[in-house]
$ cat start06.cif   # mmCIF, C-alpha atoms
data_run
loop_
_atom_site.group_PDB
_atom_site.id
_atom_site.type_symbol
_atom_site.label_atom_id
_atom_site.label_comp_id
_atom_site.auth_asym_id
_atom_site.auth_seq_id
_atom_site.Cartn_x
_atom_site.Cartn_y
_atom_site.Cartn_z
ATOM 1 C CA MET T 1 -16.307 3.158 21.819
ATOM 2 C CA ARG T 2 -19.671 1.806 20.723
ATOM 3 C CA MET T 3 -20.360 -1.721 21.947
ATOM 4 C CA ASP T 4 -22.593 -2.479 18.960
ATOM 5 C CA LEU T 5 -19.499 -2.115 16.765
ATOM 6 C CA ILE T 6 -17.344 -4.313 19.012
ATOM 7 C CA GLN T 7 -19.875 -7.086 19.582
ATOM 8 C CA PRO T 8 -19.563 -8.620 16.063
ATOM 9 C CA PHE T 9 -15.803 -9.026 16.572
ATOM 10 C CA ILE T 10 -16.346 -10.850 19.851
ATOM 11 C CA GLY T 11 -18.959 -13.127 18.299
ATOM 12 C CA SER T 12 -16.793 -13.739 15.256
ATOM 13 C CA LEU T 13 -13.672 -14.654 17.262
ATOM 14 C CA ASP T 14 -15.740 -17.012 19.383
ATOM 15 C CA ALA T 15 -17.308 -18.637 16.304
ATOM 16 C CA VAL T 16 -14.070 -18.968 14.307
ATOM 17 C CA LEU T 17 -12.095 -20.378 17.258
ATOM 18 C CA ALA T 18 -14.940 -22.771 18.071
ATOM 19 C CA GLU T 19 -15.008 -23.954 14.440
ATOM 20 C CA MET T 20 -11.237 -24.350 14.194
ATOM 21 C CA MET T 21 -10.214 -25.410 17.694
ATOM 22 C CA LYS T 22 -13.476 -27.275 18.396
ATOM 23 C CA ALA T 23 -13.561 -25.565 21.799
ATOM 24 C CA PRO T 24 -15.122 -22.359 23.121
ATOM 25 C CA ALA T 25 -13.221 -19.144 23.882
ATOM 26 C CA ASN T 26 -14.182 -17.326 27.079
ATOM 27 C CA ILE T 27 -13.666 -13.606 27.678
ATOM 28 C CA ALA T 28 -11.322 -13.367 30.666
ATOM 29 C CA ASP T 29 -10.764 -9.603 30.700
ATOM 30 C CA MET T 30 -11.640 -6.358 28.920
ATOM 31 C CA THR T 31 -9.618 -3.142 29.279
ATOM 32 C CA MET T 32 -9.307 0.265 27.614
ATOM 33 C CA GLU T 33 -5.860 1.461 26.581
ATOM 34 C CA GLU T 34 -4.578 4.809 25.298
ATOM 35 C CA GLU T 35 -0.853 4.060 25.444
ATOM 36 C CA GLY T 36 1.170 2.271 22.730
ATOM 37 C CA TYR T 37 0.270 -1.398 22.435
ATOM 38 C CA CYS T 38 2.776 -4.064 23.420
ATOM 39 C CA ARG T 39 2.038 -7.342 21.749
ATOM 40 C CA LYS T 40 1.900 -10.457 23.891
ATOM 41 C CA GLY T 41 2.864 -13.018 21.296
ATOM 42 C CA THR T 42 2.421 -13.234 17.518
ATOM 43 C CA ALA T 43 0.156 -10.448 16.312
ATOM 44 C CA ALA T 44 -1.491 -9.541 13.006
ATOM 45 C CA VAL T 45 -3.082 -6.193 12.230
ATOM 46 C CA VAL T 46 -5.992 -5.592 9.872
ATOM 47 C CA ALA T 47 -6.903 -2.019 8.893
ATOM 48 C CA PHE T 48 -10.222 -0.908 7.429
ATOM 49 C CA ASN T 49 -11.638 2.272 5.997
ATOM 50 C CA GLY T 50 -14.986 3.703 4.954
ATOM 51 C CA GLN T 51 -17.810 4.751 7.242
ATOM 52 C CA ILE T 52 -15.849 3.078 10.021
ATOM 53 C CA GLU T 53 -12.087 3.545 10.118
ATOM 54 C CA GLY T 54 -9.543 1.905 12.325
ATOM 55 C CA ARG T 55 -7.600 -1.257 12.876
ATOM 56 C CA ILE T 56 -7.816 -4.480 14.800
ATOM 57 C CA ILE T 57 -4.932 -6.491 16.196
ATOM 58 C CA LEU T 58 -5.261 -10.228 16.778
ATOM 59 C CA ASP T 59 -2.543 -11.213 19.222
ATOM 60 C CA MET T 60 -1.964 -14.842 20.226
ATOM 61 C CA ASP T 61 0.367 -16.229 22.857
ATOM 62 C CA PRO T 62 2.995 -18.626 21.435
ATOM 63 C CA ALA T 63 1.164 -21.816 22.427
ATOM 64 C CA ALA T 64 -2.161 -20.727 20.934
ATOM 65 C CA ALA T 65 -0.492 -19.428 17.757
ATOM 66 C CA ALA T 66 1.440 -22.664 17.250
ATOM 67 C CA TYR T 67 -1.701 -24.716 17.838
ATOM 68 C CA VAL T 68 -3.653 -22.780 15.195
ATOM 69 C CA ALA T 69 -0.712 -23.001 12.770
ATOM 70 C CA GLY T 70 -0.702 -26.763 13.299
ATOM 71 C CA LEU T 71 -4.424 -26.972 12.550
ATOM 72 C CA LEU T 72 -4.067 -24.929 9.366
ATOM 73 C CA ALA T 73 -0.940 -26.758 8.217
ATOM 74 C CA GLY T 74 -2.293 -30.186 9.067
ATOM 75 C CA THR T 75 0.848 -31.038 11.039
ATOM 76 C CA GLU T 76 2.482 -30.121 14.368
ATOM 77 C CA VAL T 77 4.235 -26.727 14.218
ATOM 78 C CA ASP T 78 6.990 -25.395 16.488
ATOM 79 C CA PRO T 79 6.079 -21.973 18.036
ATOM 80 C CA ALA T 80 9.385 -20.556 16.706
ATOM 81 C CA GLU T 81 8.646 -21.397 13.063
ATOM 82 C CA PRO T 82 7.979 -18.419 10.741
ATOM 83 C CA MET T 83 4.800 -20.049 9.432
ATOM 84 C CA VAL T 84 3.155 -19.306 12.795
ATOM 85 C CA SER T 85 2.956 -15.613 11.816
ATOM 86 C CA GLU T 86 1.246 -16.540 8.536
ATOM 87 C CA ALA T 87 -1.267 -18.619 10.458
ATOM 88 C CA VAL T 88 -2.107 -15.743 12.802
ATOM 89 C CA CYS T 89 -2.622 -13.490 9.750
ATOM 90 C CA GLU T 90 -5.028 -15.990 8.221
ATOM 91 C CA LEU T 91 -6.933 -16.378 11.492
ATOM 92 C CA ALA T 92 -7.157 -12.567 11.805
ATOM 93 C CA ASN T 93 -8.455 -12.434 8.253
ATOM 94 C CA MET T 94 -11.218 -14.922 9.100
ATOM 95 C CA VAL T 95 -12.219 -13.330 12.419
ATOM 96 C CA ILE T 96 -12.235 -9.764 11.169
ATOM 97 C CA GLY T 97 -13.751 -10.653 7.799
ATOM 98 C CA ASN T 98 -16.688 -12.411 9.443
ATOM 99 C CA ALA T 99 -17.303 -9.455 11.779
ATOM 100 C CA VAL T 100 -17.032 -6.942 8.950
ATOM 101 C CA THR T 101 -19.561 -9.020 7.013
ATOM 102 C CA GLN T 102 -22.060 -8.660 9.870
ATOM 103 C CA LEU T 103 -21.463 -4.910 10.180
ATOM 104 C CA ASN T 104 -21.756 -4.323 6.436
ATOM 105 C CA ASP T 105 -24.996 -6.272 6.332
ATOM 106 C CA ARG T 106 -26.262 -3.959 9.102
ATOM 107 C CA GLY T 107 -25.605 -0.939 6.879
ATOM 108 C CA PHE T 108 -22.081 0.130 7.873
ATOM 109 C CA GLN T 109 -20.093 0.417 4.663
ATOM 110 C CA PHE T 110 -16.363 -0.085 4.955
ATOM 111 C CA LYS T 111 -13.598 -2.083 3.397
ATOM 112 C CA VAL T 112 -10.970 -4.387 4.903
ATOM 113 C CA LEU T 113 -7.321 -4.319 3.844
ATOM 114 C CA PRO T 114 -5.163 -7.472 3.747
ATOM 115 C CA PRO T 115 -3.708 -8.499 7.152
ATOM 116 C CA SER T 116 -0.048 -7.958 7.994
ATOM 117 C CA ILE T 117 2.240 -9.006 10.828
ATOM 118 C CA LEU T 118 2.504 -6.392 13.569
ATOM 119 C CA ASN T 119 6.187 -5.495 13.847
ATOM 120 C CA GLU T 120 7.921 -3.552 16.640
ATOM 121 C CA GLU T 121 7.555 -0.169 14.915
ATOM 122 C CA GLN T 122 3.838 -0.633 14.197
ATOM 123 C CA CYS T 123 3.436 -1.916 17.741
ATOM 124 C CA ALA T 124 4.740 1.332 19.220
ATOM 125 C CA LYS T 125 2.399 3.386 17.010
ATOM 126 C CA ALA T 126 -0.603 1.131 17.408
ATOM 127 C CA GLY T 127 -2.133 2.827 20.426
ATOM 128 C CA GLN T 128 -0.856 6.372 20.100
ATOM 129 C CA ASP T 129 -3.578 7.898 17.993
ATOM 130 C CA SER T 130 -6.703 6.361 19.422
ATOM 131 C CA GLU T 131 -8.264 4.657 22.352
ATOM 132 C CA ALA T 132 -8.370 0.894 22.037
ATOM 133 C CA THR T 133 -10.510 -1.781 23.625
ATOM 134 C CA ILE T 134 -8.533 -4.888 24.474
ATOM 135 C CA LEU T 135 -10.348 -8.154 24.953
ATOM 136 C CA CYS T 136 -8.568 -11.155 26.421
ATOM 137 C CA PHE T 137 -9.952 -14.584 25.486
ATOM 138 C CA GLU T 138 -8.924 -17.813 27.193
ATOM 139 C CA THR T 139 -8.941 -21.019 25.182
ATOM 140 C CA GLN T 140 -7.849 -24.563 25.981
ATOM 141 C CA HIS T 141 -4.697 -23.939 23.954
ATOM 142 C CA GLY T 142 -3.637 -20.493 25.171
ATOM 143 C CA VAL T 143 -4.631 -16.846 25.371
ATOM 144 C CA VAL T 144 -5.848 -14.708 22.464
ATOM 145 C CA TYR T 145 -6.080 -10.899 22.569
ATOM 146 C CA LEU T 146 -8.232 -8.718 20.356
ATOM 147 C CA ASN T 147 -7.214 -5.046 20.309
ATOM 148 C CA ILE T 148 -9.907 -2.919 18.656
ATOM 149 C CA ALA T 149 -9.472 0.761 17.749
ATOM 150 C CA MET T 150 -12.084 2.234 15.439
ATOM 151 C CA HIS T 151 -13.780 5.537 14.672
ATOM 152 C CA TYR T 152 -17.333 5.808 13.496
ATOM 153 C CA LEU T 153 -17.194 8.442 10.754
ATOM 154 C CA ALA T 154 -20.563 8.438 9.048
ATOM 155 C CA ARG T 155 -24.146 7.400 9.512
ATOM 156 C CA ARG T 156 -25.343 4.151 8.030
ATOM 157 C CA SER T 157 -27.020 4.255 4.633
ATOM 158 C CA HIS T 158 -30.475 3.479 6.025
ATOM 159 C CA ASP T 159 -30.028 6.178 8.722
ATOM 160 C CA HIS T 160 -30.232 8.680 5.861
ATOM 161 C CA ALA T 161 -33.590 7.388 4.679
ATOM 162 C CA PRO T 162 -36.391 9.978 4.878
ATOM 163 C CA VAL T 163 -38.651 9.607 7.898
ATOM 164 C CA ALA T 164 -42.341 9.307 7.162
ATOM 165 C CA VAL T 165 -44.334 12.151 8.706
ATOM 166 C CA ALA T 166 -47.816 11.361 9.972
ATOM 167 C CA MET Q 1 -9.420 -35.610 6.747
ATOM 168 C CA LYS Q 2 -12.740 -36.868 5.395
ATOM 169 C CA GLN Q 3 -12.502 -38.283 1.853
ATOM 170 C CA PHE Q 4 -15.291 -37.398 -0.577
ATOM 171 C CA GLU Q 5 -16.642 -39.195 -3.627
ATOM 172 C CA PRO Q 6 -14.153 -38.037 -6.292
ATOM 173 C CA LEU Q 7 -15.390 -35.287 -8.613
ATOM 174 C CA THR Q 8 -14.511 -36.014 -12.228
ATOM 175 C CA ARG Q 9 -15.027 -34.279 -15.545
ATOM 176 C CA LYS Q 10 -18.003 -35.652 -17.426
ATOM 177 C CA PHE Q 11 -16.393 -35.528 -20.882
ATOM 178 C CA ASP Q 12 -13.225 -37.533 -20.091
ATOM 179 C CA ALA Q 13 -13.731 -38.819 -16.509
ATOM 180 C CA GLN Q 14 -10.442 -37.186 -15.486
ATOM 181 C CA PRO Q 15 -10.030 -35.461 -12.087
ATOM 182 C CA VAL Q 16 -11.199 -31.844 -11.901
ATOM 183 C CA ARG Q 17 -8.336 -29.338 -12.302
ATOM 184 C CA TYR Q 18 -8.232 -26.422 -9.850
ATOM 185 C CA LEU Q 19 -6.534 -23.034 -9.586
ATOM 186 C CA VAL Q 20 -6.347 -21.615 -6.041
ATOM 187 C CA VAL Q 21 -5.946 -17.859 -5.535
ATOM 188 C CA ASP Q 22 -5.313 -16.493 -2.045
ATOM 189 C CA ASP Q 23 -2.651 -14.223 -0.558
ATOM 190 C CA SER Q 24 -2.352 -16.508 2.471
ATOM 191 C CA VAL Q 25 -0.064 -19.518 2.077
ATOM 192 C CA PHE Q 26 -2.095 -21.284 4.751
ATOM 193 C CA ALA Q 27 -5.365 -20.682 2.978
ATOM 194 C CA ARG Q 28 -3.872 -22.091 -0.234
ATOM 195 C CA LYS Q 29 -2.515 -25.142 1.631
ATOM 196 C CA SER Q 30 -5.813 -25.695 3.346
ATOM 197 C CA LEU Q 31 -7.744 -25.481 0.056
ATOM 198 C CA ALA Q 32 -5.189 -27.766 -1.609
ATOM 199 C CA ARG Q 33 -5.860 -30.412 1.043
ATOM 200 C CA LEU Q 34 -9.598 -30.084 0.467
ATOM 201 C CA ILE Q 35 -9.125 -30.389 -3.297
ATOM 202 C CA GLU Q 36 -7.165 -33.595 -2.724
ATOM 203 C CA SER Q 37 -9.974 -34.937 -0.539
ATOM 204 C CA PHE Q 38 -12.428 -34.149 -3.388
ATOM 205 C CA GLY Q 39 -10.263 -36.210 -5.769
ATOM 206 C CA GLY Q 40 -9.120 -33.116 -7.689
ATOM 207 C CA VAL Q 41 -5.776 -31.895 -8.997
ATOM 208 C CA LEU Q 42 -4.226 -28.544 -8.101
ATOM 209 C CA VAL Q 43 -2.793 -27.169 -11.349
ATOM 210 C CA GLY Q 44 -1.865 -23.685 -10.184
ATOM 211 C CA GLU Q 45 -1.655 -21.228 -7.300
ATOM 212 C CA ALA Q 46 -1.581 -17.437 -7.167
ATOM 213 C CA GLY Q 47 -1.226 -14.936 -4.332
ATOM 214 C CA ASP Q 48 -2.936 -11.949 -5.947
ATOM 215 C CA GLY Q 49 -5.325 -11.011 -8.736
ATOM 216 C CA VAL Q 50 -2.648 -10.131 -11.295
ATOM 217 C CA SER Q 51 -0.922 -13.503 -10.956
ATOM 218 C CA ALA Q 52 -4.322 -15.212 -11.000
ATOM 219 C CA ILE Q 53 -5.052 -13.901 -14.507
ATOM 220 C CA ALA Q 54 -1.698 -15.156 -15.782
ATOM 221 C CA GLU Q 55 -2.106 -18.519 -14.055
ATOM 222 C CA TYR Q 56 -5.605 -18.940 -15.465
ATOM 223 C CA THR Q 57 -4.359 -18.391 -19.012
ATOM 224 C CA ARG Q 58 -1.456 -20.772 -18.424
ATOM 225 C CA THR Q 59 -3.344 -23.610 -16.737
ATOM 226 C CA LYS Q 60 -6.947 -23.291 -18.068
ATOM 227 C CA PRO Q 61 -8.400 -24.934 -14.943
ATOM 228 C CA ASP Q 62 -11.866 -26.419 -14.646
ATOM 229 C CA LEU Q 63 -12.515 -24.373 -11.519
ATOM 230 C CA VAL Q 64 -10.961 -21.410 -9.685
ATOM 231 C CA LEU Q 65 -11.224 -20.878 -5.938
ATOM 232 C CA MET Q 66 -10.645 -17.134 -5.481
ATOM 233 C CA ASP Q 67 -10.144 -14.990 -2.369
ATOM 234 C CA ILE Q 68 -11.489 -11.416 -2.389
ATOM 235 C CA THR Q 69 -9.176 -9.301 -0.207
ATOM 236 C CA MET Q 70 -5.697 -9.493 -1.741
ATOM 237 C CA PRO Q 71 -2.805 -7.105 -2.459
ATOM 238 C CA GLN Q 72 -2.181 -5.602 -5.922
ATOM 239 C CA MET Q 73 -5.504 -6.651 -7.423
ATOM 240 C CA GLU Q 74 -8.524 -7.842 -5.465
ATOM 241 C CA GLY Q 75 -10.426 -10.994 -6.308
ATOM 242 C CA ILE Q 76 -13.520 -9.304 -7.731
ATOM 243 C CA GLU Q 77 -11.497 -7.343 -10.292
ATOM 244 C CA ALA Q 78 -9.551 -10.497 -11.194
ATOM 245 C CA VAL Q 79 -12.867 -12.330 -11.749
ATOM 246 C CA GLU Q 80 -14.058 -9.581 -14.079
ATOM 247 C CA ARG Q 81 -10.868 -9.695 -16.139
ATOM 248 C CA ILE Q 82 -10.720 -13.496 -16.329
ATOM 249 C CA VAL Q 83 -14.388 -13.779 -17.345
ATOM 250 C CA GLN Q 84 -13.969 -11.044 -19.970
ATOM 251 C CA GLU Q 85 -11.260 -13.109 -21.653
ATOM 252 C CA HIS Q 86 -12.627 -16.543 -20.779
ATOM 253 C CA PRO Q 87 -16.445 -16.395 -20.518
ATOM 254 C CA GLU Q 88 -16.501 -20.126 -19.775
ATOM 255 C CA ALA Q 89 -14.453 -19.644 -16.568
ATOM 256 C CA ARG Q 90 -15.986 -21.144 -13.462
ATOM 257 C CA ILE Q 91 -14.945 -19.187 -10.387
ATOM 258 C CA VAL Q 92 -16.060 -19.687 -6.787
ATOM 259 C CA MET Q 93 -15.234 -16.898 -4.348
ATOM 260 C CA VAL Q 94 -13.777 -18.132 -1.024
ATOM 261 C CA SER Q 95 -13.468 -15.276 1.436
ATOM 262 C CA SER Q 96 -13.978 -14.345 5.072
ATOM 263 C CA VAL Q 97 -15.580 -11.098 3.910
ATOM 264 C CA GLY Q 98 -19.031 -12.156 2.779
ATOM 265 C CA TYR Q 99 -21.358 -9.193 3.028
ATOM 266 C CA GLN Q 100 -24.172 -8.918 0.520
ATOM 267 C CA ASP Q 101 -22.733 -6.054 -1.551
ATOM 268 C CA ASN Q 102 -19.476 -7.953 -1.971
ATOM 269 C CA ILE Q 103 -21.166 -11.208 -2.969
ATOM 270 C CA LEU Q 104 -23.435 -9.366 -5.388
ATOM 271 C CA ALA Q 105 -20.477 -7.543 -6.961
ATOM 272 C CA ALA Q 106 -18.597 -10.837 -7.419
ATOM 273 C CA LEU Q 107 -21.624 -12.545 -8.995
ATOM 274 C CA GLN Q 108 -22.240 -9.570 -11.289
ATOM 275 C CA LYS Q 109 -18.633 -9.763 -12.487
ATOM 276 C CA GLY Q 110 -19.030 -13.432 -13.349
ATOM 277 C CA ALA Q 111 -18.297 -15.510 -10.237
ATOM 278 C CA ARG Q 112 -20.535 -18.582 -10.001
ATOM 279 C CA HIS Q 113 -20.815 -18.936 -6.209
ATOM 280 C CA PHE Q 114 -19.515 -17.796 -2.836
ATOM 281 C CA VAL Q 115 -18.158 -19.678 0.215
ATOM 282 C CA GLN Q 116 -17.332 -17.983 3.494
ATOM 283 C CA LYS Q 117 -14.198 -18.801 5.514
ATOM 284 C CA PRO Q 118 -13.563 -20.790 7.615
ATOM 285 C CA VAL Q 119 -14.523 -23.204 4.871
ATOM 286 C CA LYS Q 120 -16.760 -26.136 5.775
ATOM 287 C CA PRO Q 121 -15.609 -29.049 3.555
ATOM 288 C CA ASP Q 122 -19.097 -30.459 2.978
ATOM 289 C CA ALA Q 123 -20.440 -27.067 1.928
ATOM 290 C CA LEU Q 124 -17.561 -26.428 -0.490
ATOM 291 C CA TYR Q 125 -17.913 -29.915 -2.002
ATOM 292 C CA GLU Q 126 -21.617 -29.387 -2.683
ATOM 293 C CA ILE Q 127 -21.018 -25.946 -4.174
ATOM 294 C CA ILE Q 128 -18.265 -27.257 -6.463
ATOM 295 C CA ARG Q 129 -20.521 -30.109 -7.568
ATOM 296 C CA TYR Q 130 -23.297 -27.652 -8.288
ATOM 297 C CA VAL Q 131 -21.083 -25.200 -10.182
ATOM 298 C CA LEU Q 132 -19.297 -27.851 -12.245
ATOM 299 C CA ASN Q 133 -22.360 -29.899 -13.053
ATOM 300 C CA ASP Q 134 -23.850 -26.830 -14.685
ATOM 301 C CA ASP Q 135 -21.097 -26.899 -17.296
ATOM 302 C CA GLY Q 136 -20.710 -30.565 -18.032
ATOM 303 C CA VAL Q 137 -18.312 -31.532 -15.242
ATOM 304 C CA THR Q 138 -19.774 -33.757 -12.646
ATOM 305 C CA ALA Q 139 -19.542 -36.042 -9.640
ATOM 306 C CA PRO Q 140 -20.517 -39.719 -9.944
ATOM 307 C CA ALA Q 141 -23.889 -39.272 -8.234
ATOM 308 C CA ALA Q 142 -24.742 -36.307 -10.426
ATOM 309 C CA ALA Q 143 -23.667 -38.252 -13.527
ATOM 310 C CA GLY Q 144 -26.128 -40.966 -12.583
ATOM 311 C CA GLU Q 145 -28.895 -38.409 -12.222
ATOM 312 C CA ASN Q 146 -28.097 -36.929 -15.646
ATOM 313 C CA SER Q 147 -28.064 -40.239 -17.460
ATOM 314 C CA ARG Q 148 -31.630 -41.040 -16.435
#
$ encode --input "start06.cif" --output "structure tokens"
Amino acid sequence: MRMDLIQPFIGSLDAVLAEMMKAPANIADMTMEEEGYCRKGTAAVVAFNGQIEGRIILDMDPAAAAYVAGLLAGTEVDPAEPMVSEAVCELANMVIGNAVTQLNDRGFQFKVLPPSILNEEQCAKAGQDSEATILCFETQHGVVYLNIAMHYLARRSHDHAPVAVA
Amino acid sequence: MKQFEPLTRKFDAQPVRYLVVDDSVFARKSLARLIESFGGVLVGEAGDGVSAIAEYTRTKPDLVLMDITMPQMEGIEAVERIVQEHPEARIVMVSSVGYQDNILAALQKGARHFVQKPVKPDALYEIIRYVLNDDGVTAPAAAGENSR
């Protein structure tokens, strides 16, 4: 998988977590996976299509998910509360949206679909059809995983521009 | 949460009335808290573009805060339809997806401004002031400037 496509997602997660949690997120591990993905906590999936197709899973351990839910709700939230899933969806939306913005502005044209909670069935299918890069981020409030599986289908618009011949 | 100088309507000095459109409950709650800190009133909420059109007609807000990526009907299409029926509508796009083509499309359809998520309260406040002042709704400081 191309690192120039992954890098904006790393930068975006770091920036969004820093803005929301007021603390940095450090990459603790990076692995490649071809098997089905097992979520670690509460996970949201965002699919996209266009010149780049694929999906990204934002997976947060219960403590981190509850902390973010508390920040978004403006009150303390129990990790078992259903609103935690909503919060992870919204965070995924922000992280992936910001990264997609960077990639689109670099000439990759693709569209993001609304986030949804990753259920057991989707979880089993999530890694079957493509290789995924899994990044593990450590924060002060828990661990966050970013599972990225994407295919680069077409050249960027400016790659098609005619080349001047001397 | 930081409290801002309340934004009021120039013609009757009443609080600004807002409609918030976002498919995320959290995003709507978060924007509602910001609106409160700006001294505004939330008059309606919608979770998709179709409901947004109906809520706009029902509530006739002073300002709409509209997400882009939503189920059923996306924000840009909802902007187009609202502005077609209500050319005076003031709509600010609030989205995590802020690439140039998207912003341009929203502005061409009639949106007045764009704010990227996560929303910075000071930035949103200034944008709302700017957008509302253009149409006769204003914050106290701006009212002072206009009366000179």
$ interface_residues --input "start06.cif" --of "chain T" --to "chain Q" --cutoff "7 Å" --atoms "only C-alpha atoms" --output "list of chain:residue names"
T:Val16, T:Leu72, T:Ala73, T:Glu86, T:Ala87, T:Glu90, T:Asn93, T:Met94, T:Gly97, T:Asn98, T:Val100, T:Thr101, T:Gln102, T:Asn104, T:Asp105, T:Leu113, T:Pro114
$ resolve_selection --input "start06.cif" --expression "the PyMOL selection byres ((chain Q and resi 51) around 12)" --output "ChimeraX atom specification"
/Q:19-23,44-50,52-59,66,70-75,78,81-82
$ resolve_selection --input "start06.cif" --expression "the PyMOL selection byres ((chain T and resi 51) around 6)" --output "MDAnalysis selection string"
chainID T and resid 50 52 109:110 153:154
$ resolve_selection --input "start06.cif" --expression "the PyMOL selection byres ((chain Q and resi 88-90) around 12)" --output "count of residues only"
46
$ atom_distance --input "start06.cif" --atom1 "atom CA of T:Gly41" --atom2 "atom CA of T:Val84"
10.6 Å
$ residues_around --input "start06.cif" --residues "stretch 135-141 of chain T" --least-positions-apart "3" --cutoff "8 Å" --atoms "all atoms listed in the file" --output "list in words"
Ala23, Pro24, Ala25, Asn26, Ile27, Ala28, Asp29, Met30, Thr31, Ala63, Ala64, Tyr67, Val144, Tyr145, Leu146 and Asn147 of chain T
$ write_last_selection --input "start06.cif" --atoms "C-alpha atoms" --output "PDB file, keeping the file's coordinate frame"
ATOM      1  CA  ALA T  23     -13.561 -25.565  21.799  1.00  0.00           C
ATOM      2  CA  PRO T  24     -15.122 -22.359  23.121  1.00  0.00           C
ATOM      3  CA  ALA T  25     -13.221 -19.144  23.882  1.00  0.00           C
ATOM      4  CA  ASN T  26     -14.182 -17.326  27.079  1.00  0.00           C
ATOM      5  CA  ILE T  27     -13.666 -13.606  27.678  1.00  0.00           C
ATOM      6  CA  ALA T  28     -11.322 -13.367  30.666  1.00  0.00           C
ATOM      7  CA  ASP T  29     -10.764  -9.603  30.700  1.00  0.00           C
ATOM      8  CA  MET T  30     -11.640  -6.358  28.920  1.00  0.00           C
ATOM      9  CA  THR T  31      -9.618  -3.142  29.279  1.00  0.00           C
ATOM     10  CA  ALA T  63       1.164 -21.816  22.427  1.00  0.00           C
ATOM     11  CA  ALA T  64      -2.161 -20.727  20.934  1.00  0.00           C
ATOM     12  CA  TYR T  67      -1.701 -24.716  17.838  1.00  0.00           C
ATOM     13  CA  VAL T 144      -5.848 -14.708  22.464  1.00  0.00           C
ATOM     14  CA  TYR T 145      -6.080 -10.899  22.569  1.00  0.00           C
ATOM     15  CA  LEU T 146      -8.232  -8.718  20.356  1.00  0.00           C
ATOM     16  CA  ASN T 147      -7.214  -5.046  20.309  1.00  0.00           C
TER      17      ASN T 147
END
$ residues_around --input "start06.cif" --residues "T:His151" --least-positions-apart "4" --cutoff "10 Å" --atoms "all atoms listed in the file" --output "ChimeraX atom specification"
/T:1-2,5,49-55,130-131
$ atom_distance --input "start06.cif" --atom1 "atom CA of T:Gly74" --atom2 "atom CA of T:Asp61"
19.8 Å
$ atom_distance --input "start06.cif" --atom1 "atom CA of T:Val112" --atom2 "atom CA of T:Val68"
22.3 Å
$ residues_around --input "start06.cif" --residues "T:Ala92" --least-positions-apart "6" --cutoff "8 Å" --atoms "all atoms listed in the file" --output "PyMOL selection string"
chain T and resi 44-46+57-58+115
$ decode --input "start06.cif" --residues "stretch 46-74 of chain Q" --atoms "C-alpha atoms" --output "PDB file, in the first residue's frame"
ATOM      1  CA  ALA Q  46     -32.325  17.621  11.213  1.00  0.00           C
ATOM      2  CA  GLY Q  47     -30.300  14.484  10.526  1.00  0.00           C
ATOM      3  CA  ASP Q  48     -30.343  14.560   6.725  1.00  0.00           C
ATOM      4  CA  GLY Q  49     -30.917  16.877   3.781  1.00  0.00           C
ATOM      5  CA  VAL Q  50     -34.566  15.951   3.230  1.00  0.00           C
ATOM      6  CA  SER Q  51     -35.524  16.731   6.826  1.00  0.00           C
ATOM      7  CA  ALA Q  52     -33.430  19.905   6.661  1.00  0.00           C
ATOM      8  CA  ILE Q  53     -35.606  21.319   3.866  1.00  0.00           C
ATOM      9  CA  ALA Q  54     -38.776  20.614   5.841  1.00  0.00           C
ATOM     10  CA  GLU Q  55     -37.300  22.031   9.045  1.00  0.00           C
ATOM     11  CA  TYR Q  56     -36.148  25.172   7.253  1.00  0.00           C
ATOM     12  CA  THR Q  57     -39.647  25.830   5.928  1.00  0.00           C
ATOM     13  CA  ARG Q  58     -41.137  25.155   9.359  1.00  0.00           C
ATOM     14  CA  THR Q  59     -38.725  27.201  11.470  1.00  0.00           C
ATOM     15  CA  LYS Q  60     -37.422  29.924   9.073  1.00  0.00           C
ATOM     16  CA  PRO Q  61     -34.148  30.262  11.008  1.00  0.00           C
ATOM     17  CA  ASP Q  62     -31.744  33.173  10.773  1.00  0.00           C
ATOM     18  CA  LEU Q  63     -28.865  30.791  10.121  1.00  0.00           C
ATOM     19  CA  VAL Q  64     -28.362  27.125   9.193  1.00  0.00           C
ATOM     20  CA  LEU Q  65     -25.305  25.102  10.173  1.00  0.00           C
ATOM     21  CA  MET Q  66     -25.205  22.262   7.627  1.00  0.00           C
ATOM     22  CA  ASP Q  67     -23.074  19.110   7.402  1.00  0.00           C
ATOM     23  CA  ILE Q  68     -22.110  17.810   3.943  1.00  0.00           C
ATOM     24  CA  THR Q  69     -21.855  14.008   4.169  1.00  0.00           C
ATOM     25  CA  MET Q  70     -25.270  12.713   5.246  1.00  0.00           C
ATOM     26  CA  PRO Q  71     -27.598   9.828   4.334  1.00  0.00           C
ATOM     27  CA  GLN Q  72     -30.603  10.260   2.004  1.00  0.00           C
ATOM     28  CA  MET Q  73     -29.654  13.713   0.755  1.00  0.00           C
ATOM     29  CA  GLU Q  74     -26.254  15.342   1.158  1.00  0.00           C
TER      30      GLU Q  74
END
